[in-house]
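Student: Please find start18.tsv (TSV, C-alpha atoms) on the next line:
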chain	number	residue	atom	x	y	z
A	1	MET	CA	0.00	0.00	0.00
A	2	LYS	CA	1.87	3.00	-1.38
A	3	LEU	CA	0.16	5.51	0.93
A	4	LEU	CA	1.35	3.54	3.95
A	5	GLU	CA	4.90	3.03	2.69
A	6	ASP	CA	5.20	6.75	2.05
A	7	ARG	CA	3.94	7.50	5.53
A	8	ILE	CA	6.40	5.07	7.12
A	9	LEU	CA	9.28	6.62	5.17
A	10	ARG	CA	8.17	10.11	6.17
A	11	ASP	CA	7.27	9.61	9.83
A	12	GLY	CA	8.79	6.31	10.95
A	13	LYS	CA	11.85	6.41	13.17
A	14	ILE	CA	14.34	3.57	13.31
A	15	PHE	CA	16.16	2.80	16.54
A	16	PRO	CA	18.85	0.25	17.38
A	17	GLY	CA	17.48	-3.14	18.36
A	18	ASP	CA	15.24	-3.46	15.30
A	19	VAL	CA	12.73	-0.91	16.59
A	20	LEU	CA	10.52	1.00	14.13
A	21	LYS	CA	8.60	3.74	15.89
A	22	VAL	CA	5.42	4.76	14.09
A	23	ASP	CA	3.74	6.19	17.13
A	24	SER	CA	2.99	9.47	15.37
A	25	PHE	CA	0.17	7.82	13.42
A	26	LEU	CA	-0.33	4.20	14.44
A	27	ASN	CA	0.15	3.31	18.09
A	28	HIS	CA	0.27	6.27	20.44
A	29	ARG	CA	-1.10	9.10	18.37
A	30	ILE	CA	-3.66	7.54	16.01
A	31	ASP	CA	-4.26	9.29	12.71
A	32	VAL	CA	-7.88	8.22	12.49
A	33	GLY	CA	-8.46	9.40	8.90
A	34	PHE	CA	-5.41	7.45	7.81
A	35	LEU	CA	-6.50	4.33	9.70
A	36	CYS	CA	-9.87	4.57	7.96
A	37	GLU	CA	-7.94	4.15	4.68
A	38	ILE	CA	-6.08	1.19	6.21
A	39	GLY	CA	-9.44	-0.27	7.20
A	40	LYS	CA	-10.77	0.12	3.66
A	41	GLU	CA	-7.76	-1.77	2.32
A	42	PHE	CA	-8.28	-4.67	4.74
A	43	HIS	CA	-11.92	-4.71	3.69
A	44	ARG	CA	-10.98	-4.79	0.01
A	45	LEU	CA	-8.69	-7.76	0.68
A	46	TYR	CA	-11.04	-9.82	2.84
A	47	GLN	CA	-14.51	-8.65	1.79
A	48	ASN	CA	-15.48	-12.00	0.26
A	49	GLU	CA	-14.54	-14.10	3.27
A	50	GLY	CA	-17.74	-13.69	5.29
A	51	VAL	CA	-15.90	-12.02	8.18
A	52	ASN	CA	-18.25	-11.59	11.14
A	53	LEU	CA	-15.66	-10.75	13.82
A	54	ILE	CA	-12.34	-8.94	14.00
A	55	LEU	CA	-10.03	-10.20	16.71
A	56	THR	CA	-7.06	-8.22	18.00
A	57	VAL	CA	-5.09	-7.72	21.19
A	58	GLU	CA	-4.88	-4.72	23.48
A	59	ALA	CA	-3.75	-1.98	23.24
A	60	SER	CA	-2.26	-0.93	19.91
A	61	GLY	CA	-4.39	-3.28	17.79
A	62	ILE	CA	-7.67	-1.75	18.94
A	63	GLY	CA	-7.62	1.36	16.76
A	64	VAL	CA	-6.78	-0.59	13.61
A	65	ALA	CA	-9.41	-3.20	14.41
A	66	CYS	CA	-12.21	-0.72	15.17
A	67	LEU	CA	-11.71	1.34	12.05
A	68	ALA	CA	-11.53	-1.79	9.87
A	69	ALA	CA	-14.61	-3.21	11.58
A	70	ALA	CA	-16.51	-0.05	10.66
A	71	GLU	CA	-15.92	-1.09	7.01
A	72	PHE	CA	-16.89	-4.73	7.56
A	73	GLY	CA	-19.92	-3.85	9.69
A	74	CYS	CA	-18.88	-6.35	12.32
A	75	PRO	CA	-17.81	-6.20	15.99
A	76	VAL	CA	-14.30	-6.28	17.42
A	77	VAL	CA	-13.10	-8.47	20.25
A	78	PHE	CA	-9.78	-7.55	21.79
A	79	ALA	CA	-7.86	-10.13	23.79
A	80	LYS	CA	-6.76	-8.94	27.19
A	81	LYS	CA	-3.22	-9.39	28.40
A	82	SER	CA	-2.78	-10.96	31.79
A	83	LYS	CA	0.35	-11.63	33.79
A	84	THR	CA	-1.45	-14.18	35.89
A	85	ILE	CA	-1.97	-17.85	35.16
A	86	ASN	CA	-5.33	-17.75	36.90
A	87	ILE	CA	-7.57	-17.11	33.92
A	88	GLY	CA	-10.95	-18.22	35.25
A	89	ASP	CA	-13.26	-20.81	33.71
A	90	ASN	CA	-14.86	-18.66	31.10
A	91	ASN	CA	-11.89	-17.71	28.93
A	92	TRP	CA	-10.07	-19.07	25.93
A	93	SER	CA	-6.37	-18.39	26.46
A	94	ALA	CA	-2.92	-18.73	24.96
A	95	VAL	CA	0.52	-17.48	25.95
A	96	ALA	CA	2.28	-14.89	23.76
A	97	HIS	CA	5.87	-13.89	24.31
A	98	SER	CA	6.60	-10.19	23.80
A	99	TYR	CA	10.07	-9.64	22.34
A	100	THR	CA	9.58	-5.89	22.78
A	101	HIS	CA	9.09	-6.17	26.52
A	102	GLY	CA	10.82	-9.50	27.16
A	103	THR	CA	7.79	-10.89	28.95
A	104	ASP	CA	5.17	-13.57	28.53
A	105	ASN	CA	1.55	-12.50	28.47
A	106	THR	CA	-1.45	-14.76	28.68
A	107	LEU	CA	-4.01	-13.54	26.13
A	108	LEU	CA	-7.61	-13.99	27.23
A	109	VAL	CA	-10.86	-13.96	25.27
A	110	SER	CA	-14.18	-14.61	26.97
A	111	LYS	CA	-15.94	-17.75	25.77
A	112	ASP	CA	-19.07	-15.60	25.54
A	113	TYR	CA	-17.66	-13.65	22.59
A	114	LEU	CA	-15.92	-16.20	20.37
A	115	GLY	CA	-17.37	-19.48	19.19
A	116	LYS	CA	-17.67	-22.01	16.41
A	117	HIS	CA	-19.92	-19.88	14.22
A	118	ASP	CA	-17.39	-17.07	13.97
A	119	ARG	CA	-15.42	-16.30	10.82
A	120	VAL	CA	-12.54	-14.29	12.23
A	121	LEU	CA	-10.13	-11.80	10.75
A	122	ILE	CA	-7.15	-11.34	13.08
A	123	LEU	CA	-5.69	-7.83	12.83
A	124	ASP	CA	-2.73	-6.15	14.50
A	125	ASP	CA	-0.42	-3.23	13.96
A	126	PHE	CA	2.81	-5.26	13.57
A	127	LEU	CA	3.72	-8.77	12.43
A	128	ALA	CA	7.29	-9.75	13.27
A	129	ASN	CA	7.86	-12.95	15.22
A	130	GLY	CA	4.16	-13.66	14.99
A	131	CYS	CA	3.74	-14.44	18.67
A	132	ALA	CA	0.55	-12.45	19.14
A	133	ALA	CA	-1.08	-13.65	15.90
A	134	THR	CA	-0.16	-17.26	16.68
A	135	ALA	CA	-1.69	-16.97	20.13
A	136	LEU	CA	-4.87	-15.40	18.70
A	137	ALA	CA	-5.12	-18.20	16.09
A	138	GLU	CA	-4.70	-20.76	18.89
A	139	ILE	CA	-7.54	-19.07	20.79
A	140	CYS	CA	-9.74	-19.31	17.67
A	141	LYS	CA	-8.88	-23.01	17.39
A	142	GLN	CA	-9.90	-23.60	21.01
A	143	ALA	CA	-13.19	-21.83	20.29
A	144	GLY	CA	-13.81	-23.80	17.09
A	145	ALA	CA	-13.89	-20.52	15.15
A	146	THR	CA	-12.62	-20.19	11.58
A	147	VAL	CA	-9.65	-17.88	10.95
A	148	VAL	CA	-10.26	-16.48	7.47
A	149	GLY	CA	-7.17	-14.30	7.54
A	150	ILE	CA	-4.46	-12.55	9.47
A	151	GLY	CA	-3.79	-8.93	8.61
A	152	ALA	CA	-0.98	-6.68	9.76
A	153	VAL	CA	-0.43	-3.03	9.00
A	154	ILE	CA	3.36	-3.54	8.93
A	155	GLU	CA	5.21	-6.83	8.48
A	156	LYS	CA	8.92	-7.31	9.10
A	157	THR	CA	9.39	-10.01	6.47
A	158	TYR	CA	12.93	-10.72	7.62
A	159	GLN	CA	11.49	-12.11	10.81
A	160	LYS	CA	9.84	-15.49	10.79
A	161	GLY	CA	6.26	-14.80	11.90
A	162	GLY	CA	4.59	-14.17	8.55
A	163	ASP	CA	6.12	-17.11	6.72
A	164	THR	CA	5.48	-19.50	9.59
A	165	LEU	CA	1.81	-18.54	9.61
A	166	ARG	CA	1.57	-18.81	5.80
A	167	LYS	CA	3.10	-22.30	5.92
A	168	GLN	CA	0.40	-23.24	8.42
A	169	GLY	CA	-2.16	-22.35	5.76
A	170	PHE	CA	-3.30	-18.95	6.97
A	171	ARG	CA	-3.96	-16.19	4.46
A	172	VAL	CA	-1.65	-13.45	5.77
A	173	GLU	CA	-1.87	-9.98	4.23
A	174	SER	CA	0.38	-7.11	5.29
A	175	LEU	CA	-0.11	-3.63	3.93
A	176	ALA	CA	3.57	-2.68	4.17
A	177	ARG	CA	6.26	-5.35	3.98
A	178	ILE	CA	9.68	-4.37	5.25
A	179	ALA	CA	12.53	-6.39	3.73
A	180	SER	CA	15.29	-4.74	5.72
A	181	MET	CA	15.74	-1.89	8.12
A	182	SER	CA	18.58	-0.16	9.93
A	183	PRO	CA	19.32	3.27	11.37
A	184	GLU	CA	22.17	3.62	8.82
A	185	ASP	CA	20.51	2.44	5.62
A	186	GLY	CA	16.86	3.19	6.32
A	187	ILE	CA	13.97	1.03	5.20
A	188	GLU	CA	13.68	-1.26	2.16
A	189	PHE	CA	10.22	-2.53	1.28
A	190	CYS	CA	9.61	-5.84	-0.52
B	1	MET	CA	-28.95	8.76	25.67
B	2	LYS	CA	-31.91	6.42	25.57
B	3	LEU	CA	-30.29	3.93	23.17
B	4	LEU	CA	-27.38	3.50	25.58
B	5	GLU	CA	-29.53	3.21	28.71
B	6	ASP	CA	-31.59	0.52	27.01
B	7	ARG	CA	-28.45	-1.35	26.03
B	8	ILE	CA	-27.05	-1.18	29.56
B	9	LEU	CA	-30.33	-2.49	30.99
B	10	ARG	CA	-30.40	-5.30	28.43
B	11	ASP	CA	-26.76	-6.41	28.40
B	12	GLY	CA	-25.09	-4.97	31.51
B	13	LYS	CA	-24.34	-7.31	34.36
B	14	ILE	CA	-24.02	-6.10	37.94
B	15	PHE	CA	-21.64	-7.83	40.31
B	16	PRO	CA	-20.91	-7.26	44.00
B	17	GLY	CA	-18.28	-4.60	44.65
B	18	ASP	CA	-19.98	-1.97	42.49
B	19	VAL	CA	-18.95	-3.66	39.23
B	20	LEU	CA	-20.99	-3.08	36.07
B	21	LYS	CA	-19.84	-5.36	33.28
B	22	VAL	CA	-20.63	-4.07	29.83
B	23	ASP	CA	-17.97	-6.07	28.06
B	24	SER	CA	-20.44	-7.46	25.55
B	25	PHE	CA	-20.50	-4.13	23.71
B	26	LEU	CA	-18.07	-1.62	25.24
B	27	ASN	CA	-14.79	-2.95	26.56
B	28	HIS	CA	-13.94	-6.48	25.51
B	29	ARG	CA	-16.29	-7.13	22.64
B	30	ILE	CA	-16.80	-3.76	20.93
B	31	ASP	CA	-20.07	-3.24	19.08
B	32	VAL	CA	-18.56	-0.91	16.50
B	33	GLY	CA	-21.85	0.18	14.92
B	34	PHE	CA	-23.14	1.09	18.37
B	35	LEU	CA	-19.96	2.99	19.26
B	36	CYS	CA	-20.35	4.95	16.02
B	37	GLU	CA	-23.68	6.19	17.43
B	38	ILE	CA	-21.92	7.03	20.71
B	39	GLY	CA	-19.32	8.92	18.70
B	40	LYS	CA	-22.02	10.92	16.90
B	41	GLU	CA	-23.53	11.90	20.24
B	42	PHE	CA	-20.18	13.16	21.58
B	43	HIS	CA	-19.77	15.09	18.34
B	44	ARG	CA	-23.23	16.64	18.71
B	45	LEU	CA	-22.35	17.75	22.24
B	46	TYR	CA	-18.87	19.16	21.53
B	47	GLN	CA	-18.98	20.07	17.85
B	48	ASN	CA	-18.68	23.82	18.49
B	49	GLU	CA	-15.64	23.59	20.76
B	50	GLY	CA	-12.94	23.45	18.09
B	51	VAL	CA	-11.74	20.02	19.20
B	52	ASN	CA	-8.55	19.07	17.39
B	53	LEU	CA	-7.49	16.11	19.54
B	54	ILE	CA	-9.21	13.36	21.49
B	55	LEU	CA	-7.24	12.10	24.47
B	56	THR	CA	-7.94	8.80	26.19
B	57	VAL	CA	-6.10	6.06	28.05
B	58	GLU	CA	-5.35	2.50	27.02
B	59	ALA	CA	-6.99	0.09	26.59
B	60	SER	CA	-10.75	0.35	26.89
B	61	GLY	CA	-10.93	4.03	25.96
B	62	ILE	CA	-9.36	3.52	22.55
B	63	GLY	CA	-12.41	2.17	20.73
B	64	VAL	CA	-14.67	4.95	22.01
B	65	ALA	CA	-12.05	7.58	21.18
B	66	CYS	CA	-11.35	6.33	17.64
B	67	LEU	CA	-14.99	6.09	16.62
B	68	ALA	CA	-15.72	9.55	18.05
B	69	ALA	CA	-12.62	10.97	16.35
B	70	ALA	CA	-13.94	9.70	13.02
B	71	GLU	CA	-16.86	12.12	13.55
B	72	PHE	CA	-14.68	15.03	14.63
B	73	GLY	CA	-12.12	14.42	11.88
B	74	CYS	CA	-9.28	14.64	14.39
B	75	PRO	CA	-6.59	12.29	15.71
B	76	VAL	CA	-6.58	10.32	18.94
B	77	VAL	CA	-3.77	10.15	21.45
B	78	PHE	CA	-3.99	7.39	24.03
B	79	ALA	CA	-1.98	7.68	27.22
B	80	LYS	CA	0.07	4.63	28.03
B	81	LYS	CA	0.03	3.04	31.45
B	82	SER	CA	3.36	2.41	33.07
B	83	LYS	CA	4.20	0.75	36.35
B	84	THR	CA	7.61	2.37	36.37
B	85	ILE	CA	8.53	5.78	37.67
B	86	ASN	CA	11.19	6.10	34.98
B	87	ILE	CA	9.23	7.94	32.33
B	88	GLY	CA	11.99	9.42	30.19
B	89	ASP	CA	12.46	13.06	29.33
B	90	ASN	CA	9.97	13.30	26.52
B	91	ASN	CA	6.70	12.53	28.29
B	92	TRP	CA	4.02	14.40	30.13
B	93	SER	CA	2.89	12.21	33.00
B	94	ALA	CA	0.50	11.92	35.93
B	95	VAL	CA	-0.35	9.15	38.37
B	96	ALA	CA	-3.81	7.58	38.27
B	97	HIS	CA	-5.01	5.16	40.92
B	98	SER	CA	-7.10	2.26	39.62
B	99	TYR	CA	-9.79	1.26	42.10
B	100	THR	CA	-10.66	-1.70	39.87
B	101	HIS	CA	-7.19	-3.17	40.09
B	102	GLY	CA	-6.00	-1.56	43.33
B	103	THR	CA	-2.85	-0.23	41.70
B	104	ASP	CA	-1.26	3.06	40.73
B	105	ASN	CA	-0.43	3.63	37.08
B	106	THR	CA	1.67	6.41	35.69
B	107	LEU	CA	-0.06	7.71	32.55
B	108	LEU	CA	2.33	8.85	29.85
B	109	VAL	CA	1.80	11.06	26.80
B	110	SER	CA	4.68	11.96	24.50
B	111	LYS	CA	5.48	15.66	24.41
B	112	ASP	CA	5.56	15.28	20.62
B	113	TYR	CA	1.81	14.73	20.45
B	114	LEU	CA	0.27	17.16	22.93
B	115	GLY	CA	1.01	20.87	23.17
B	116	LYS	CA	-0.31	24.33	23.80
B	117	HIS	CA	-2.19	24.62	20.53
B	118	ASP	CA	-4.38	21.61	21.24
B	119	ARG	CA	-8.05	21.83	22.13
B	120	VAL	CA	-8.62	18.50	23.77
B	121	LEU	CA	-11.69	16.38	24.37
B	122	ILE	CA	-10.94	13.73	27.00
B	123	LEU	CA	-13.00	10.57	26.47
B	124	ASP	CA	-13.26	7.31	28.38
B	125	ASP	CA	-15.65	4.42	28.82
B	126	PHE	CA	-16.36	4.99	32.53
B	127	LEU	CA	-16.33	7.94	34.90
B	128	ALA	CA	-16.51	6.93	38.56
B	129	ASN	CA	-13.84	8.23	40.92
B	130	GLY	CA	-12.46	10.31	38.09
B	131	CYS	CA	-8.85	9.23	38.62
B	132	ALA	CA	-8.08	8.64	34.94
B	133	ALA	CA	-9.82	11.81	33.73
B	134	THR	CA	-8.12	13.89	36.44
B	135	ALA	CA	-4.72	12.52	35.44
B	136	LEU	CA	-5.40	13.21	31.74
B	137	ALA	CA	-6.49	16.78	32.58
B	138	GLU	CA	-3.28	17.21	34.61
B	139	ILE	CA	-1.28	16.04	31.59
B	140	CYS	CA	-3.07	18.61	29.40
B	141	LYS	CA	-2.24	21.29	31.96
B	142	GLN	CA	1.45	20.34	31.87
B	143	ALA	CA	1.34	20.57	28.06
B	144	GLY	CA	-0.44	23.93	28.09
B	145	ALA	CA	-3.30	22.39	26.12
B	146	THR	CA	-6.94	23.43	26.58
B	147	VAL	CA	-9.39	20.84	27.87
B	148	VAL	CA	-12.69	21.72	26.17
B	149	GLY	CA	-14.55	18.82	27.72
B	150	ILE	CA	-14.52	15.47	29.44
B	151	GLY	CA	-16.87	12.83	28.07
B	152	ALA	CA	-17.73	9.45	29.49
B	153	VAL	CA	-19.95	6.77	28.04
B	154	ILE	CA	-21.16	5.77	31.52
B	155	GLU	CA	-20.97	7.84	34.69
B	156	LYS	CA	-21.59	6.52	38.17
B	157	THR	CA	-22.98	9.76	39.58
B	158	TYR	CA	-23.00	8.37	43.13
B	159	GLN	CA	-19.21	8.44	43.01
B	160	LYS	CA	-17.37	11.70	43.30
B	161	GLY	CA	-15.41	11.95	40.03
B	162	GLY	CA	-17.92	13.77	37.82
B	163	ASP	CA	-18.92	16.38	40.39
B	164	THR	CA	-15.34	17.06	41.41
B	165	LEU	CA	-14.37	17.70	37.79
B	166	ARG	CA	-17.44	19.89	37.22
B	167	LYS	CA	-16.56	21.96	40.30
B	168	GLN	CA	-13.11	22.48	38.80
B	169	GLY	CA	-14.82	24.08	35.80
B	170	PHE	CA	-14.65	21.26	33.29
B	171	ARG	CA	-17.60	20.63	31.01
B	172	VAL	CA	-18.35	16.98	31.78
B	173	GLU	CA	-20.90	15.12	29.66
B	174	SER	CA	-21.87	11.51	30.28
B	175	LEU	CA	-24.17	9.65	27.94
B	176	ALA	CA	-25.65	7.41	30.63
B	177	ARG	CA	-25.77	8.56	34.25
B	178	ILE	CA	-26.25	5.87	36.85
B	179	ALA	CA	-27.81	7.12	40.10
B	180	SER	CA	-27.71	3.80	41.89
B	181	MET	CA	-26.90	0.21	41.15
B	182	SER	CA	-27.01	-3.10	42.98
B	183	PRO	CA	-27.35	-6.78	42.08
B	184	GLU	CA	-30.65	-6.86	44.00
B	185	ASP	CA	-32.34	-3.71	42.73
B	186	GLY	CA	-30.75	-3.27	39.34
B	187	ILE	CA	-29.87	0.08	37.80
B	188	GLU	CA	-31.49	3.48	38.28
B	189	PHE	CA	-30.53	6.22	35.85
B	190	CYS	CA	-30.61	9.92	36.74
Have the structure of the file written as structure tokens, please.
Tutor:
Amino acid sequence: MKLLEDRILRDGKIFPGDVLKVDSFLNHRIDVGFLCEIGKEFHRLYQNEGVNLILTVEASGIGVACLAAAEFGCPVVFAKKSKTINIGDNNWSAVAHSYTHGTDNTLLVSKDYLGKHDRVLILDDFLANGCAATALAEICKQAGATVVGIGAVIEKTYQKGGDTLRKQGFRVESLARIASMSPEDGIEFC
Amino acid sequence: MKLLEDRILRDGKIFPGDVLKVDSFLNHRIDVGFLCEIGKEFHRLYQNEGVNLILTVEASGIGVACLAAAEFGCPVVFAKKSKTINIGDNNWSAVAHSYTHGTDNTLLVSKDYLGKHDRVLILDDFLANGCAATALAEICKQAGATVVGIGAVIEKTYQKGGDTLRKQGFRVESLARIASMSPEDGIEFC
């Protein structure tokens, strides 16, 4: 998505440790008009898949998910992150490791809001190691729901998450695909 | 807002300890079409205030803020919650106590995204003790920004937050105002 690549080149900031900061428009300040365009693109890609639920994880996936869901005319469920193992009886759950924070989070989704009749589009801001998306797909499997696709605003294709998920048969679509990135040489898209 | 009161009466669940669960439409599963109507109502109330930024706090405020911002045509900034005191040089910050979780969070907003030219509408899902809204207003004060209003989807008017903020001169608007609530007697709106 050219509009997104241009925005990343203009506003993204690269830091050592493979960090791309896009918090001026994506995950601290949210450029809502821009995310509406992102939402339209996800809808164009997945409009024929019978999506009836968008699943994401708090906090930075919620904006993307809500503005895409406005296009699909469907609800959003966001998984909650918990540090505790005690998840209660009424939750689907899976563990996701965060490389950014070096911690494990248990992702929780109430059994009341995800079930076997759901056709789910998983959305998030970033896809890198794929830990969050893998955990969300595992939660869908527990619920008997169908994952019709996994969408990311930005994919780091040099990390393994996207390819691993594709090999598992998921339809993964990323709107900007970064082939390489460094503070010295900037960003190369695929 | 009649539509909202009806929805709370239909889907809200009251638990001991003054807990109203509305996670079927507001803060776990998000009924995006419904939140668009909520967003239109906030826009109707504050449309003449020159709002150029909606400020909220992760995670459950983000959906409300984004769908309202789509009406205002402005961006959202969501404050991040941090357990650490080490906030860096580039953040406005204020401490908010969470009665729900019994913890203190430091709310952080980058100095890059909030400044003296901003006319800010603070939005959140709940207004009870007012700790989050008070901390967000304090952050706006640090930034020299103007708070044109504080909006909540649901206010518990029997708690002190709303009145305290009104006495400080803020224009506080809540779309559903709960006068009393208990598992035995249900909900009374103002």
Student: So that I can see what lies close to Gly33 in chain A, please list as a PyMOL selection string the residues with an atom at most 10 Å from it, counting only C-alpha atoms and leaving out residues fewer than 6 positions away in the same chain.
Tutor: (chain A and resi 25+39+67) or (chain B and resi 66+69-71+73-75)
Student: Give me, please, the distance in Å between CA of Glu138 in chain A and CA of Leu26 in chain B, quoted to one decimal.
Tutor: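 One can read the CA of Glu138 in chain A to CA of Leu26 in chain B distance as 24.2 Å.
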Student: Using all atoms listed in the file, tabulate the residues of chain A lying at most 12 Å from any atom of chain B, each with its closest atom pair and that distance in Å to one decimal, by chain and increasing residue number, as JSON lines.
Tutor:
{"residue": "A:Asp23", "atom": "CA", "partner": "B:Tyr113", "partner_atom": "CA", "distance": 9.4}
{"residue": "A:Ser24", "atom": "CA", "partner": "B:Tyr113", "partner_atom": "CA", "distance": 7.4}
{"residue": "A:Phe25", "atom": "CA", "partner": "B:Pro75", "partner_atom": "CA", "distance": 8.4}
{"residue": "A:Leu26", "atom": "CA", "partner": "B:Val77", "partner_atom": "CA", "distance": 9.8}
{"residue": "A:Asn27", "atom": "CA", "partner": "B:Phe78", "partner_atom": "CA", "distance": 8.3}
{"residue": "A:His28", "atom": "CA", "partner": "B:Phe78", "partner_atom": "CA", "distance": 5.7}
{"residue": "A:Arg29", "atom": "CA", "partner": "B:Val77", "partner_atom": "CA", "distance": 4.2}
{"residue": "A:Ile30", "atom": "CA", "partner": "B:Val76", "partner_atom": "CA", "distance": 5.0}
{"residue": "A:Asp31", "atom": "CA", "partner": "B:Pro75", "partner_atom": "CA", "distance": 4.8}
{"residue": "A:Val32", "atom": "CA", "partner": "B:Pro75", "partner_atom": "CA", "distance": 5.3}
{"residue": "A:Gly33", "atom": "CA", "partner": "B:Ala70", "partner_atom": "CA", "distance": 6.9}
{"residue": "A:Phe34", "atom": "CA", "partner": "B:Pro75", "partner_atom": "CA", "distance": 9.3}
{"residue": "A:Leu35", "atom": "CA", "partner": "B:Cys66", "partner_atom": "CA", "distance": 9.5}
{"residue": "A:Cys36", "atom": "CA", "partner": "B:Ala70", "partner_atom": "CA", "distance": 8.3}
{"residue": "A:Glu37", "atom": "CA", "partner": "B:Ala70", "partner_atom": "CA", "distance": 11.7}
{"residue": "A:Asn52", "atom": "CA", "partner": "B:Asp31", "partner_atom": "CA", "distance": 11.7}
{"residue": "A:Leu53", "atom": "CA", "partner": "B:Arg29", "partner_atom": "CA", "distance": 9.6}
{"residue": "A:Ile54", "atom": "CA", "partner": "B:Arg29", "partner_atom": "CA", "distance": 9.7}
{"residue": "A:Leu55", "atom": "CA", "partner": "B:Arg29", "partner_atom": "CA", "distance": 9.2}
{"residue": "A:Thr56", "atom": "CA", "partner": "B:His28", "partner_atom": "CA", "distance": 10.3}
{"residue": "A:Val57", "atom": "CA", "partner": "B:Ala59", "partner_atom": "CA", "distance": 9.7}
{"residue": "A:Glu58", "atom": "CA", "partner": "B:Ala59", "partner_atom": "CA", "distance": 6.1}
{"residue": "A:Ala59", "atom": "CA", "partner": "B:Ala59", "partner_atom": "CA", "distance": 5.1}
{"residue": "A:Ser60", "atom": "CA", "partner": "B:Ala59", "partner_atom": "CA", "distance": 8.2}
{"residue": "A:Gly61", "atom": "CA", "partner": "B:Ile62", "partner_atom": "CA", "distance": 9.7}
{"residue": "A:Ile62", "atom": "CA", "partner": "B:Gly63", "partner_atom": "CA", "distance": 6.4}
{"residue": "A:Gly63", "atom": "CA", "partner": "B:Gly63", "partner_atom": "CA", "distance": 6.3}
{"residue": "A:Val64", "atom": "CA", "partner": "B:Cys66", "partner_atom": "CA", "distance": 9.2}
{"residue": "A:Ala65", "atom": "CA", "partner": "B:Gly63", "partner_atom": "CA", "distance": 8.8}
{"residue": "A:Cys66", "atom": "CA", "partner": "B:Gly63", "partner_atom": "CA", "distance": 6.3}
{"residue": "A:Leu67", "atom": "CA", "partner": "B:Leu67", "partner_atom": "CA", "distance": 7.4}
{"residue": "A:Ala68", "atom": "CA", "partner": "B:Val32", "partner_atom": "CA", "distance": 9.7}
{"residue": "A:Ala69", "atom": "CA", "partner": "B:Val32", "partner_atom": "CA", "distance": 6.7}
{"residue": "A:Ala70", "atom": "CA", "partner": "B:Val32", "partner_atom": "CA", "distance": 6.2}
{"residue": "A:Glu71", "atom": "CA", "partner": "B:Val32", "partner_atom": "CA", "distance": 9.9}
{"residue": "A:Phe72", "atom": "CA", "partner": "B:Val32", "partner_atom": "CA", "distance": 9.9}
{"residue": "A:Gly73", "atom": "CA", "partner": "B:Gly33", "partner_atom": "CA", "distance": 6.9}
{"residue": "A:Cys74", "atom": "CA", "partner": "B:Val32", "partner_atom": "CA", "distance": 6.9}
{"residue": "A:Pro75", "atom": "CA", "partner": "B:Asp31", "partner_atom": "CA", "distance": 4.8}
{"residue": "A:Val76", "atom": "CA", "partner": "B:Ile30", "partner_atom": "CA", "distance": 5.0}
{"residue": "A:Val77", "atom": "CA", "partner": "B:Arg29", "partner_atom": "CA", "distance": 4.2}
{"residue": "A:Phe78", "atom": "CA", "partner": "B:His28", "partner_atom": "CA", "distance": 5.7}
{"residue": "A:Ala79", "atom": "CA", "partner": "B:His28", "partner_atom": "CA", "distance": 7.3}
{"residue": "A:Lys80", "atom": "CA", "partner": "B:His28", "partner_atom": "CA", "distance": 7.8}
{"residue": "A:Lys81", "atom": "CA", "partner": "B:Ala59", "partner_atom": "CA", "distance": 10.4}
{"residue": "A:Asn91", "atom": "CA", "partner": "B:His28", "partner_atom": "CA", "distance": 11.9}
{"residue": "A:Leu108", "atom": "CA", "partner": "B:His28", "partner_atom": "CA", "distance": 10.0}
{"residue": "A:Val109", "atom": "CA", "partner": "B:His28", "partner_atom": "CA", "distance": 8.1}
{"residue": "A:Ser110", "atom": "CA", "partner": "B:His28", "partner_atom": "CA", "distance": 8.3}
{"residue": "A:Lys111", "atom": "CA", "partner": "B:Arg29", "partner_atom": "CA", "distance": 11.1}
{"residue": "A:Asp112", "atom": "CA", "partner": "B:Ser24", "partner_atom": "CA", "distance": 8.3}
{"residue": "A:Tyr113", "atom": "CA", "partner": "B:Arg29", "partner_atom": "CA", "distance": 6.7}
{"residue": "A:Leu114", "atom": "CA", "partner": "B:Arg29", "partner_atom": "CA", "distance": 9.4}
Student: Excluding Leu3 in chain B and any residue of its chain fewer than 5 positions from it, enumerate the residues within 12 Å of it, using only C-alpha atoms, and give them as a list in words.
Tutor: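 After dropping sequence-adjacent residues, the list is Ile8, Leu9, Arg10, Phe34, Leu35, Glu37, Ile38, Glu41, Val153, Leu175 and Ala176 of chain B.
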Student: Hey, what's within 10 Å of Leu45 in chain A if we count all atoms listed in the file and toss same-chain stuff fewer than 6 positions away? As an mmCIF file with C-alpha atoms, in the frame of the given file, please?
Tutor:
data_model
loop_
_atom_site.group_PDB
_atom_site.id
_atom_site.type_symbol
_atom_site.label_atom_id
_atom_site.label_comp_id
_atom_site.auth_asym_id
_atom_site.auth_seq_id
_atom_site.Cartn_x
_atom_site.Cartn_y
_atom_site.Cartn_z
ATOM 1 C CA GLY A 39 -9.440 -0.270 7.200
ATOM 2 C CA GLY A 149 -7.170 -14.300 7.540
ATOM 3 C CA GLY A 151 -3.790 -8.930 8.610
ATOM 4 C CA GLU A 173 -1.870 -9.980 4.230
#
Student: Quick one: what's the axis-aligned box for range 152-163 of chain A, all listed atoms, 8 Å on every side, centre and edges in Å to one decimal, as JSON?
Tutor:
{"center_x": 6.0, "center_y": -10.1, "center_z": 9.2, "size_x": 29.9, "size_y": 30.1, "size_z": 21.4}
Student: Calculated over only C-alpha atoms, which of the candidates A:Asp118, A:Asp185, A:Glu155, A:Asp6 has the smallest distance to Val172 in chain A?
Tutor: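 Among A:Asp118, A:Asp185, A:Glu155, A:Asp6, it is A:Glu155 that comes nearest to Val172 in chain A.
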